[in-house]
$ cat final.cif   # mmCIF, C-alpha atoms
data_start
loop_
_atom_site.group_PDB
_atom_site.id
_atom_site.type_symbol
_atom_site.label_atom_id
_atom_site.label_comp_id
_atom_site.auth_asym_id
_atom_site.auth_seq_id
_atom_site.Cartn_x
_atom_site.Cartn_y
_atom_site.Cartn_z
ATOM 1 C CA MET A 1 -9.843 8.006 18.422
ATOM 2 C CA SER A 2 -8.918 5.701 15.551
ATOM 3 C CA GLY A 3 -5.918 3.381 15.786
ATOM 4 C CA PHE A 4 -5.470 -0.153 17.058
ATOM 5 C CA VAL A 5 -8.486 -1.970 18.418
ATOM 6 C CA GLU A 6 -5.994 -4.209 20.232
ATOM 7 C CA LYS A 7 -2.350 -3.204 19.875
ATOM 8 C CA PRO A 8 -0.177 -6.321 19.679
ATOM 9 C CA LYS A 9 2.841 -6.786 21.896
ATOM 10 C CA PRO A 10 6.100 -6.964 19.941
ATOM 11 C CA VAL A 11 7.783 -10.343 19.651
ATOM 12 C CA GLU A 12 11.015 -10.507 21.619
ATOM 13 C CA VAL A 13 13.926 -11.921 19.613
ATOM 14 C CA PRO A 14 17.507 -12.032 20.938
ATOM 15 C CA GLY A 15 19.698 -9.507 19.131
ATOM 16 C CA LEU A 16 16.761 -7.483 17.809
ATOM 17 C CA THR A 17 15.515 -4.178 19.186
ATOM 18 C CA HIS A 18 11.864 -3.370 18.532
ATOM 19 C CA LEU A 19 11.460 0.070 16.946
ATOM 20 C CA HIS A 20 7.862 0.446 15.818
ATOM 21 C CA THR A 21 4.532 -1.317 15.426
ATOM 22 C CA GLY A 22 2.732 -0.064 12.332
ATOM 23 C CA LYS A 23 -0.645 -0.821 10.828
ATOM 24 C CA VAL A 24 0.744 -3.929 9.151
ATOM 25 C CA ARG A 25 4.515 -4.073 9.718
ATOM 26 C CA ASP A 26 6.692 -4.431 12.796
ATOM 27 C CA LEU A 27 10.154 -2.874 12.624
ATOM 28 C CA TYR A 28 13.245 -4.043 14.477
ATOM 29 C CA ARG A 29 16.941 -3.220 14.324
ATOM 30 C CA ASP A 30 19.571 -5.944 14.456
ATOM 31 C CA GLU A 31 23.022 -5.721 16.039
ATOM 32 C CA ALA A 32 24.556 -4.786 12.671
ATOM 33 C CA GLY A 33 22.276 -1.735 12.441
ATOM 34 C CA ARG A 34 20.090 -3.196 9.700
ATOM 35 C CA LEU A 35 16.301 -2.912 9.734
ATOM 36 C CA VAL A 36 14.247 -6.073 10.122
ATOM 37 C CA MET A 37 10.766 -5.559 8.664
ATOM 38 C CA VAL A 38 8.075 -8.141 9.424
ATOM 39 C CA ALA A 39 4.737 -7.997 7.595
ATOM 40 C CA SER A 40 1.899 -9.198 9.820
ATOM 41 C CA ASP A 41 -1.556 -10.407 8.796
ATOM 42 C CA ARG A 42 -3.167 -7.317 10.323
ATOM 43 C CA MET A 43 -5.846 -5.521 8.330
ATOM 44 C CA SER A 44 -6.589 -1.802 8.503
ATOM 45 C CA ALA A 45 -9.668 0.049 7.280
ATOM 46 C CA TYR A 46 -11.036 3.531 7.893
ATOM 47 C CA ASP A 47 -7.935 4.406 9.950
ATOM 48 C CA TRP A 48 -8.511 1.471 12.326
ATOM 49 C CA VAL A 49 -6.339 -1.618 12.668
ATOM 50 C CA LEU A 50 -8.981 -4.304 12.955
ATOM 51 C CA PRO A 51 -9.147 -7.030 15.619
ATOM 52 C CA THR A 52 -9.334 -9.766 12.935
ATOM 53 C CA GLU A 53 -6.348 -10.830 10.837
ATOM 54 C CA ILE A 54 -6.352 -12.119 7.245
ATOM 55 C CA PRO A 55 -4.316 -15.364 7.078
ATOM 56 C CA ASP A 56 -1.280 -15.235 4.738
ATOM 57 C CA LYS A 57 -1.751 -11.518 4.023
ATOM 58 C CA GLY A 58 1.707 -10.554 5.290
ATOM 59 C CA ARG A 59 3.384 -13.229 3.205
ATOM 60 C CA VAL A 60 1.483 -12.171 0.084
ATOM 61 C CA LEU A 61 2.537 -8.547 0.581
ATOM 62 C CA THR A 62 6.175 -9.506 1.145
ATOM 63 C CA GLN A 63 6.473 -11.975 -1.740
ATOM 64 C CA LEU A 64 4.679 -9.676 -4.173
ATOM 65 C CA SER A 65 6.904 -6.753 -3.172
ATOM 66 C CA LEU A 66 10.000 -8.883 -3.795
ATOM 67 C CA TRP A 67 8.655 -9.863 -7.214
ATOM 68 C CA TRP A 68 8.160 -6.209 -8.127
ATOM 69 C CA PHE A 69 11.516 -5.080 -6.698
ATOM 70 C CA ASP A 70 13.231 -7.527 -9.096
ATOM 71 C CA ARG A 71 11.505 -5.841 -12.043
ATOM 72 C CA LEU A 72 12.246 -2.263 -11.012
ATOM 73 C CA THR A 73 15.928 -2.280 -10.045
ATOM 74 C CA ASP A 74 17.024 -0.460 -13.200
ATOM 75 C CA LEU A 75 14.591 2.373 -12.382
ATOM 76 C CA ALA A 76 15.034 2.601 -8.614
ATOM 77 C CA PRO A 77 17.338 0.775 -6.209
ATOM 78 C CA ASN A 78 15.541 -0.765 -3.223
ATOM 79 C CA HIS A 79 16.294 -1.302 0.444
ATOM 80 C CA VAL A 80 16.226 -5.128 0.557
ATOM 81 C CA LEU A 81 19.433 -6.836 1.670
ATOM 82 C CA SER A 82 18.224 -10.329 2.551
ATOM 83 C CA THR A 83 15.181 -12.495 3.201
ATOM 84 C CA ASP A 84 16.991 -14.720 5.710
ATOM 85 C CA LEU A 85 15.326 -15.218 9.070
ATOM 86 C CA PRO A 86 17.221 -13.610 11.953
ATOM 87 C CA PRO A 87 18.601 -16.190 14.418
ATOM 88 C CA GLY A 88 16.010 -16.993 17.060
ATOM 89 C CA ALA A 89 13.090 -15.512 15.098
ATOM 90 C CA PRO A 90 9.805 -17.442 15.256
ATOM 91 C CA ALA A 91 9.071 -19.812 12.382
ATOM 92 C CA ASP A 92 5.986 -17.735 11.543
ATOM 93 C CA TRP A 93 8.274 -14.946 10.334
ATOM 94 C CA ALA A 94 9.335 -17.052 7.336
ATOM 95 C CA GLY A 95 8.200 -15.536 4.056
ATOM 96 C CA ARG A 96 7.161 -12.270 5.670
ATOM 97 C CA THR A 97 10.530 -10.872 6.806
ATOM 98 C CA LEU A 98 12.938 -8.539 4.999
ATOM 99 C CA ILE A 99 16.387 -7.461 6.166
ATOM 100 C CA CYS A 100 16.799 -3.929 4.855
ATOM 101 C CA ARG A 101 19.151 -1.004 4.658
ATOM 102 C CA SER A 102 18.436 1.690 7.198
ATOM 103 C CA LEU A 103 17.357 4.795 5.298
ATOM 104 C CA ASP A 104 16.763 8.437 6.018
ATOM 105 C CA MET A 105 13.107 8.352 5.005
ATOM 106 C CA VAL A 106 11.527 11.148 2.992
ATOM 107 C CA PRO A 107 8.336 12.217 4.861
ATOM 108 C CA VAL A 108 6.114 12.050 1.781
ATOM 109 C CA GLU A 109 3.721 9.425 0.451
ATOM 110 C CA CYS A 110 4.519 9.360 -3.272
ATOM 111 C CA VAL A 111 1.223 8.638 -5.022
ATOM 112 C CA ALA A 112 0.874 8.020 -8.741
ATOM 113 C CA ARG A 113 -2.557 7.997 -10.368
ATOM 114 C CA GLY A 114 -3.399 6.769 -13.828
ATOM 115 C CA TYR A 115 -7.141 6.618 -13.197
ATOM 116 C CA LEU A 116 -9.535 8.822 -11.257
ATOM 117 C CA THR A 117 -11.092 7.408 -8.084
ATOM 118 C CA GLY A 118 -10.945 7.656 -4.287
ATOM 119 C CA SER A 119 -9.845 10.930 -2.727
ATOM 120 C CA GLY A 120 -8.730 12.183 -6.144
ATOM 121 C CA LEU A 121 -12.253 11.787 -7.481
ATOM 122 C CA ALA A 122 -13.701 13.610 -4.468
ATOM 123 C CA GLU A 123 -11.390 16.579 -5.036
ATOM 124 C CA TYR A 124 -12.007 16.572 -8.788
ATOM 125 C CA ARG A 125 -15.760 16.772 -8.291
ATOM 126 C CA GLN A 126 -15.312 19.943 -6.240
ATOM 127 C CA THR A 127 -12.504 21.752 -8.067
ATOM 128 C CA ARG A 128 -11.691 19.844 -11.297
ATOM 129 C CA THR A 129 -8.201 19.399 -9.846
ATOM 130 C CA VAL A 130 -6.259 16.725 -7.944
ATOM 131 C CA CYS A 131 -3.548 18.034 -5.624
ATOM 132 C CA GLY A 132 -3.688 21.307 -7.508
ATOM 133 C CA LEU A 133 -3.302 19.695 -10.954
ATOM 134 C CA ALA A 134 -6.034 20.732 -13.393
ATOM 135 C CA LEU A 135 -7.817 17.874 -15.146
ATOM 136 C CA PRO A 136 -10.198 17.849 -18.152
ATOM 137 C CA GLU A 137 -13.946 18.178 -17.787
ATOM 138 C CA GLY A 138 -16.170 15.141 -18.058
ATOM 139 C CA LEU A 139 -14.151 12.625 -16.047
ATOM 140 C CA THR A 140 -15.997 10.191 -13.812
ATOM 141 C CA ASP A 141 -15.276 7.425 -11.311
ATOM 142 C CA GLY A 142 -12.764 5.080 -12.961
ATOM 143 C CA SER A 143 -11.861 7.343 -15.891
ATOM 144 C CA GLU A 144 -8.367 6.915 -17.296
ATOM 145 C CA LEU A 145 -6.373 10.128 -17.033
ATOM 146 C CA PRO A 146 -4.709 11.664 -20.116
ATOM 147 C CA SER A 147 -1.360 10.763 -18.528
ATOM 148 C CA PRO A 148 -0.284 9.573 -15.049
ATOM 149 C CA ILE A 149 -0.011 12.265 -12.385
ATOM 150 C CA PHE A 150 2.048 12.617 -9.204
ATOM 151 C CA THR A 151 -0.222 13.457 -6.268
ATOM 152 C CA PRO A 152 1.793 13.402 -3.034
ATOM 153 C CA ALA A 153 0.437 13.125 0.497
ATOM 154 C CA THR A 154 1.756 13.653 3.988
ATOM 155 C CA LYS A 155 2.472 10.426 5.887
ATOM 156 C CA ALA A 156 0.145 10.026 8.877
ATOM 157 C CA GLU A 157 0.595 8.193 12.160
ATOM 158 C CA VAL A 158 -1.445 5.076 12.946
ATOM 159 C CA GLY A 159 -5.056 6.153 13.454
ATOM 160 C CA GLU A 160 -4.682 9.315 11.387
ATOM 161 C CA HIS A 161 -5.383 9.924 7.718
ATOM 162 C CA ASP A 162 -2.862 10.841 5.032
ATOM 163 C CA GLU A 163 -3.493 14.321 3.643
ATOM 164 C CA ASN A 164 -3.099 15.159 -0.043
ATOM 165 C CA VAL A 165 -0.778 18.103 -0.680
ATOM 166 C CA SER A 166 0.369 19.970 -3.763
ATOM 167 C CA TYR A 167 3.700 19.362 -5.473
ATOM 168 C CA GLU A 168 4.668 22.924 -4.609
ATOM 169 C CA GLU A 169 4.097 22.204 -0.924
ATOM 170 C CA VAL A 170 6.300 19.111 -1.138
ATOM 171 C CA ALA A 171 9.044 21.160 -2.808
ATOM 172 C CA ARG A 172 8.778 23.746 -0.035
ATOM 173 C CA ARG A 173 9.100 21.101 2.676
ATOM 174 C CA ILE A 174 11.895 18.926 1.290
ATOM 175 C CA GLY A 175 13.527 21.043 -1.394
ATOM 176 C CA ALA A 176 12.912 21.437 -5.122
ATOM 177 C CA GLU A 177 15.621 19.000 -6.216
ATOM 178 C CA THR A 178 14.388 16.135 -4.021
ATOM 179 C CA ALA A 179 10.757 16.826 -4.938
ATOM 180 C CA ALA A 180 11.574 16.672 -8.644
ATOM 181 C CA LEU A 181 13.453 13.400 -8.209
ATOM 182 C CA LEU A 182 10.556 11.911 -6.230
ATOM 183 C CA ARG A 183 8.103 12.853 -8.966
ATOM 184 C CA GLN A 184 10.323 11.497 -11.729
ATOM 185 C CA SER A 185 10.994 8.190 -9.916
ATOM 186 C CA THR A 186 7.361 7.718 -8.867
ATOM 187 C CA LEU A 187 5.992 8.173 -12.374
ATOM 188 C CA ALA A 188 8.703 6.015 -13.947
ATOM 189 C CA VAL A 189 8.044 3.121 -11.557
ATOM 190 C CA TYR A 190 4.275 3.488 -11.907
ATOM 191 C CA SER A 191 4.459 3.465 -15.700
ATOM 192 C CA ARG A 192 6.613 0.322 -15.751
ATOM 193 C CA ALA A 193 4.306 -1.461 -13.304
ATOM 194 C CA ARG A 194 1.169 -0.307 -15.146
ATOM 195 C CA ASP A 195 2.417 -1.868 -18.364
ATOM 196 C CA ILE A 196 3.400 -5.134 -16.669
ATOM 197 C CA ALA A 197 0.035 -5.375 -14.910
ATOM 198 C CA ARG A 198 -1.844 -4.548 -18.126
ATOM 199 C CA ASP A 199 -0.178 -7.469 -19.877
ATOM 200 C CA ARG A 200 -1.656 -9.674 -17.135
ATOM 201 C CA GLY A 201 -5.187 -8.334 -17.485
ATOM 202 C CA ILE A 202 -4.989 -6.001 -14.486
ATOM 203 C CA ILE A 203 -5.371 -2.216 -14.382
ATOM 204 C CA LEU A 204 -3.073 -0.446 -11.918
ATOM 205 C CA ALA A 205 -5.331 2.495 -11.122
ATOM 206 C CA ASP A 206 -3.070 4.144 -8.574
ATOM 207 C CA THR A 207 -0.349 3.289 -6.085
ATOM 208 C CA LYS A 208 1.861 4.831 -3.430
ATOM 209 C CA PHE A 209 5.577 4.504 -2.776
ATOM 210 C CA GLU A 210 7.951 5.483 -0.023
ATOM 211 C CA PHE A 211 11.523 6.547 -0.606
ATOM 212 C CA GLY A 212 14.529 7.201 1.589
ATOM 213 C CA HIS A 213 18.129 8.270 1.186
ATOM 214 C CA ALA A 214 21.236 6.140 1.665
ATOM 215 C CA ASP A 215 24.677 7.539 0.857
ATOM 216 C CA GLY A 216 23.096 10.305 -1.200
ATOM 217 C CA GLU A 217 21.037 7.898 -3.294
ATOM 218 C CA LEU A 218 17.231 7.814 -3.473
ATOM 219 C CA VAL A 219 16.072 4.308 -2.545
ATOM 220 C CA LEU A 220 12.667 2.642 -2.900
ATOM 221 C CA ALA A 221 11.504 1.320 0.485
ATOM 222 C CA ASP A 222 8.730 -0.412 2.420
ATOM 223 C CA GLU A 223 6.288 -2.391 0.232
ATOM 224 C CA VAL A 224 5.656 -1.829 -3.458
ATOM 225 C CA LEU A 225 2.687 -2.466 -5.712
ATOM 226 C CA THR A 226 0.675 -4.683 -3.379
ATOM 227 C CA PRO A 227 -3.098 -4.726 -2.842
ATOM 228 C CA ASP A 228 -2.471 -2.732 0.354
ATOM 229 C CA SER A 229 -0.650 0.106 -1.402
ATOM 230 C CA SER A 230 -2.360 0.009 -4.800
ATOM 231 C CA ARG A 231 -5.698 -0.215 -6.526
ATOM 232 C CA PHE A 232 -5.744 -3.194 -8.886
ATOM 233 C CA TRP A 233 -8.805 -3.650 -11.096
ATOM 234 C CA PRO A 234 -9.634 -6.557 -13.427
ATOM 235 C CA ALA A 235 -9.270 -5.058 -16.911
ATOM 236 C CA ASP A 236 -12.115 -7.089 -18.384
ATOM 237 C CA GLU A 237 -14.559 -5.606 -15.853
ATOM 238 C CA TRP A 238 -13.426 -1.970 -16.089
ATOM 239 C CA GLN A 239 -16.363 0.346 -16.660
ATOM 240 C CA PRO A 240 -15.977 4.078 -15.917
ATOM 241 C CA GLY A 241 -18.875 5.726 -14.147
ATOM 242 C CA ARG A 242 -19.082 3.335 -11.206
ATOM 243 C CA ALA A 243 -16.954 1.831 -8.465
ATOM 244 C CA GLN A 244 -14.687 -0.841 -9.949
ATOM 245 C CA PRO A 245 -14.254 -4.378 -8.618
ATOM 246 C CA SER A 246 -10.806 -4.616 -7.070
ATOM 247 C CA PHE A 247 -8.144 -6.921 -5.635
ATOM 248 C CA ASP A 248 -7.903 -5.422 -2.156
ATOM 249 C CA LYS A 249 -9.732 -4.918 1.119
ATOM 250 C CA GLN A 250 -13.004 -3.806 -0.467
ATOM 251 C CA PHE A 251 -14.906 -6.763 1.020
ATOM 252 C CA VAL A 252 -13.803 -5.527 4.445
ATOM 253 C CA ARG A 253 -14.780 -1.909 3.794
ATOM 254 C CA ASP A 254 -18.148 -2.900 2.379
ATOM 255 C CA TRP A 255 -18.994 -5.146 5.314
ATOM 256 C CA LEU A 256 -17.915 -2.573 7.920
ATOM 257 C CA THR A 257 -20.218 0.068 6.420
ATOM 258 C CA SER A 258 -23.136 -2.339 5.941
ATOM 259 C CA PRO A 259 -26.000 -2.819 8.420
ATOM 260 C CA ALA A 260 -24.689 -6.350 9.023
ATOM 261 C CA SER A 261 -21.692 -5.058 10.972
ATOM 262 C CA GLY A 262 -23.720 -2.828 13.287
ATOM 263 C CA TRP A 263 -20.788 -0.408 13.331
ATOM 264 C CA ASP A 264 -21.290 3.347 13.333
ATOM 265 C CA ARG A 265 -18.192 4.742 11.655
ATOM 266 C CA THR A 266 -18.906 8.249 12.968
ATOM 267 C CA ALA A 267 -19.245 7.232 16.622
ATOM 268 C CA GLU A 268 -15.504 6.688 17.208
ATOM 269 C CA GLN A 269 -16.203 3.202 18.512
ATOM 270 C CA PRO A 270 -13.836 0.364 17.529
ATOM 271 C CA PRO A 271 -15.025 -1.755 14.602
ATOM 272 C CA PRO A 272 -16.211 -5.297 15.344
ATOM 273 C CA PRO A 273 -14.429 -8.562 14.436
ATOM 274 C CA LEU A 274 -14.817 -9.682 10.829
ATOM 275 C CA PRO A 275 -16.978 -12.699 10.014
ATOM 276 C CA GLU A 276 -15.258 -15.772 8.616
ATOM 277 C CA GLU A 277 -16.800 -15.307 5.163
ATOM 278 C CA ILE A 278 -15.320 -11.806 4.795
ATOM 279 C CA VAL A 279 -11.927 -13.046 5.986
ATOM 280 C CA ASP A 280 -11.947 -15.911 3.462
ATOM 281 C CA ARG A 281 -13.066 -13.747 0.531
ATOM 282 C CA THR A 282 -10.482 -11.068 1.319
ATOM 283 C CA ARG A 283 -7.680 -13.629 1.604
ATOM 284 C CA ALA A 284 -8.742 -15.101 -1.731
ATOM 285 C CA LYS A 285 -8.561 -11.673 -3.413
ATOM 286 C CA TYR A 286 -5.027 -11.020 -2.151
ATOM 287 C CA ILE A 287 -3.882 -14.428 -3.376
ATOM 288 C CA GLU A 288 -5.628 -13.946 -6.729
ATOM 289 C CA ALA A 289 -3.786 -10.660 -7.221
ATOM 290 C CA TYR A 290 -0.473 -12.385 -6.480
ATOM 291 C CA GLU A 291 -1.170 -15.279 -8.833
ATOM 292 C CA ARG A 292 -2.440 -13.132 -11.724
ATOM 293 C CA LEU A 293 0.463 -10.699 -11.529
ATOM 294 C CA THR A 294 3.289 -13.192 -11.025
ATOM 295 C CA ALA A 295 1.804 -16.121 -13.002
ATOM 296 C CA GLN A 296 2.885 -18.264 -10.045
ATOM 297 C CA LYS A 297 0.708 -20.507 -7.922
ATOM 298 C CA TRP A 298 0.458 -19.440 -4.287
ATOM 299 C CA ALA A 299 1.825 -22.187 -2.065
#

$ encode --input "final.cif" --output "structure tokens"
Amino acid sequence: MSGFVEKPKPVEVPGLTHLHTGKVRDLYRDEAGRLVMVASDRMSAYDWVLPTEIPDKGRVLTQLSLWWFDRLTDLAPNHVLSTDLPPGAPADWAGRTLICRSLDMVPVECVARGYLTGSGLAEYRQTRTVCGLALPEGLTDGSELPSPIFTPATKAEVGEHDENVSYEEVARRIGAETAALLRQSTLAVYSRARDIARDRGIILADTKFEFGHADGELVLADEVLTPDSSRFWPADEWQPGRAQPSFDKQFVRDWLTSPASGWDRTAEQPPPPLPEEIVDRTRAKYIEAYERLTAQKWA
């Protein structure tokens, strides 16, 4: 029974209608019909939204997404209209709020992989494929792939796990033309971001995007290329054949599965609060990713 350990109550703001509380983001609609997306400091792991927040996480995700959107507009238009705070919104929303176009979302997680790890590695070890795509023999954890691949997944509800599917299944569900455009856009954006990150000493191992339609146009939505949606590895520490150090929630995952947490992941019991040390180290990793990618000091 994964999900929220403690589901937060939505903030009430005059003129905004609450639509959805996600793992990290809260969605509202304003009186003009625009979406208001607020990134919280919530942390999720193993399909649970944890009871402990990571300070500044929502702002890091929002500011890093905006930085990437600016560098991708020639490849894919995005949904951001404004970063202004809605009238009456709490001051804490500053830096974590986006006013966005309302899109008809495509129900597919668009995953690009340039390196083999995670669920892709698990499938490869069994079948030598990832999402039905055949890969060469001899690859190991952290291996660079011959070329980036598109490995889509179904989008799960809070508390459920995304499921990898084949490209053919995506084409069957949403149509061949849309599937082809998703694949083309996903790989183009990934390749641009991979090269930018590489210049900054970071490997973009894999990432996921969400797209929607507006006036017949495919639009990049939600967050992009953050430590929540991507695996970033320090290039100078990359060593295939083992788990790679990363700029994400790995400190949280490692602590939750360690004897120190006392949590039995298989017992369907909520995970415990995070200790202060894990919170501080995780926050530091998110900020380090922002600073290394943008070459800007986090304020």

$ closest_residue --input "final.cif" --among "A:Tyr124, A:Tyr290, A:Tyr190, A:Trp263" --to "A:Leu72" --atoms "only C-alpha atoms"
A:Tyr190

$ resolve_selection --input "final.cif" --expression "the PyMOL selection byres ((chain A and resi 113) around 10)" --output "list in words"
Val111, Ala112, Gly114, Tyr115, Leu116, Thr117, Gly120, Val130, Glu144, Leu145, Ser147, Pro148, Ile149, Phe150, Thr151, Leu187, Tyr190, Ser191, Leu204, Ala205, Asp206, Thr207, Lys208, Ser230 and Arg231 of chain A

$ residues_around --input "final.cif" --residues "A:His79" --least-positions-apart "5" --cutoff "8 Å" --atoms "only C-alpha atoms" --output "list in words"
Cys100, Arg101, Ser102, Leu103, Val219, Leu220, Ala221 and Asp222 of chain A

$ resolve_selection --input "final.cif" --expression "the PyMOL selection byres ((chain A and resi 233) around 8)" --output "ChimeraX atom specification"
/A:202-205,231-232,234-235,237-238,244-247

$ closest_residue --input "final.cif" --among "A:Trp67, A:Tyr28, A:Trp255, A:Trp48" --to "A:Leu225" --atoms "all atoms listed in the file"
A:Trp67

$ closest_residue --input "final.cif" --among "A:Asp104, A:Pro152, A:Thr226, A:Glu268" --to "A:Leu66" --atoms "all atoms listed in the file"
A:Thr226

$ atom_distance --input "final.cif" --atom1 "atom CA of A:Trp68" --atom2 "atom CA of A:Asp30"
25.3 Å

$ resolve_selection --input "final.cif" --expression "the PyMOL selection byres ((chain A and resi 138) around 12)" --output "list in words"
Leu116, Leu121, Tyr124, Arg125, Arg128, Leu135, Pro136, Glu137, Leu139, Thr140, Asp141, Gly142, Ser143, Glu144, Leu145, Pro240 and Gly241 of chain A

$ atom_distance --input "final.cif" --atom1 "atom CA of A:Ala45" --atom2 "atom CA of A:Thr127"
26.7 Å

$ axis_aligned_box --input "final.cif" --around "stretch 234-244 of chain A" --padding-each-side "4 Å" --output "AutoDock Vina command-line options"
--center_x -14.2 --center_y -0.7 --center_z -13.4 --size_x 17.8 --size_y 20.8 --size_z 17.9

$ residues_around --input "final.cif" --residues "stretch 31-40 of chain A" --least-positions-apart "4" --cutoff "8 Å" --atoms "only C-alpha atoms" --output "PyMOL selection string"
chain A and resi 15-16+24-27+57-59+61-62+93+96-102

$ atom_distance --input "final.cif" --atom1 "atom CA of A:Tyr167" --atom2 "atom CA of A:Ala134"
12.6 Å

$ residues_around --input "final.cif" --residues "A:Ile54" --least-positions-apart "2" --cutoff "10 Å" --atoms "all atoms listed in the file" --output "MDAnalysis selection string"
chainID A and resid 40:43 52 56:58 274 276 278:284 286

$ closest_residue --input "final.cif" --among "A:Glu12, A:Glu123, A:Asp264, A:Glu288" --to "A:Pro227" --atoms "only C-alpha atoms"
A:Glu288

$ residues_near_point --input "final.cif" --point "(14.3, 3.6, -8.6)" --cutoff "10 Å" --atoms "all atoms listed in the file" --output "list of chain:residue names"
A:Phe69, A:Leu72, A:Thr73, A:Asp74, A:Leu75, A:Ala76, A:Pro77, A:Asn78, A:Leu181, A:Leu182, A:Gln184, A:Ser185, A:Thr186, A:Ala188, A:Val189, A:Phe211, A:Glu217, A:Leu218, A:Val219, A:Leu220, A:Ala221

$ residues_around --input "final.cif" --residues "stretch 169-171 of chain A" --least-positions-apart "5" --cutoff "10 Å" --atoms "all atoms listed in the file" --output "list in words"
Pro107, Val108, Cys131, Pro152, Ala153, Thr154, Ala176, Glu177, Thr178, Ala179, Ala180 and Leu182 of chain A

$ closest_residue --input "final.cif" --among "A:Gln126, A:Pro86, A:Pro55, A:Leu293" --to "A:Asp195" --atoms "only C-alpha atoms"
A:Leu293

$ decode --input "final.cif" --residues "stretch 62-78 of chain A" --atoms "N, CA and C atoms" --output "compact mmCIF listing (two decimals), in the first residue's frame"
# COMPACT_ATOMS: atom_id res chain seq x y z
N THR A 62 12.81 23.49 -9.79
CA THR A 62 12.18 24.50 -10.63
C THR A 62 13.21 25.35 -11.36
N GLN A 63 14.23 25.83 -10.65
CA GLN A 63 15.22 26.71 -11.27
C GLN A 63 16.08 25.96 -12.28
N LEU A 64 16.38 24.70 -11.99
CA LEU A 64 17.16 23.92 -12.94
C LEU A 64 16.34 23.61 -14.19
N SER A 65 15.06 23.31 -14.01
CA SER A 65 14.20 23.08 -15.18
C SER A 65 14.14 24.32 -16.06
N LEU A 66 13.99 25.49 -15.44
CA LEU A 66 13.95 26.73 -16.23
C LEU A 66 15.25 26.94 -17.00
N TRP A 67 16.36 26.64 -16.37
CA TRP A 67 17.66 26.77 -17.03
C TRP A 67 17.74 25.87 -18.26
N TRP A 68 17.26 24.64 -18.11
CA TRP A 68 17.27 23.71 -19.25
C TRP A 68 16.27 24.13 -20.32
N PHE A 69 15.07 24.54 -19.92
CA PHE A 69 14.08 24.95 -20.92
C PHE A 69 14.66 26.02 -21.85
N ASP A 70 15.44 26.97 -21.28
CA ASP A 70 16.02 28.04 -22.09
C ASP A 70 16.98 27.50 -23.14
N ARG A 71 17.57 26.34 -22.89
CA ARG A 71 18.57 25.78 -23.80
C ARG A 71 17.99 24.75 -24.76
N LEU A 72 16.69 24.53 -24.69
CA LEU A 72 16.07 23.48 -25.50
C LEU A 72 14.95 24.00 -26.39
N THR A 73 14.68 25.31 -26.36
CA THR A 73 13.50 25.83 -27.04
C THR A 73 13.52 25.60 -28.54
N ASP A 74 14.71 25.54 -29.14
CA ASP A 74 14.76 25.30 -30.58
C ASP A 74 14.46 23.85 -30.94
N LEU A 75 14.57 22.95 -29.94
CA LEU A 75 14.27 21.53 -30.17
C LEU A 75 12.84 21.18 -29.79
N ALA A 76 12.34 21.80 -28.72
CA ALA A 76 11.00 21.47 -28.23
C ALA A 76 10.43 22.65 -27.48
N PRO A 77 9.29 23.18 -27.90
CA PRO A 77 8.65 24.24 -27.12
C PRO A 77 8.22 23.69 -25.76
N ASN A 78 8.14 24.56 -24.75
CA ASN A 78 7.76 24.11 -23.42
C ASN A 78 6.49 24.81 -22.94
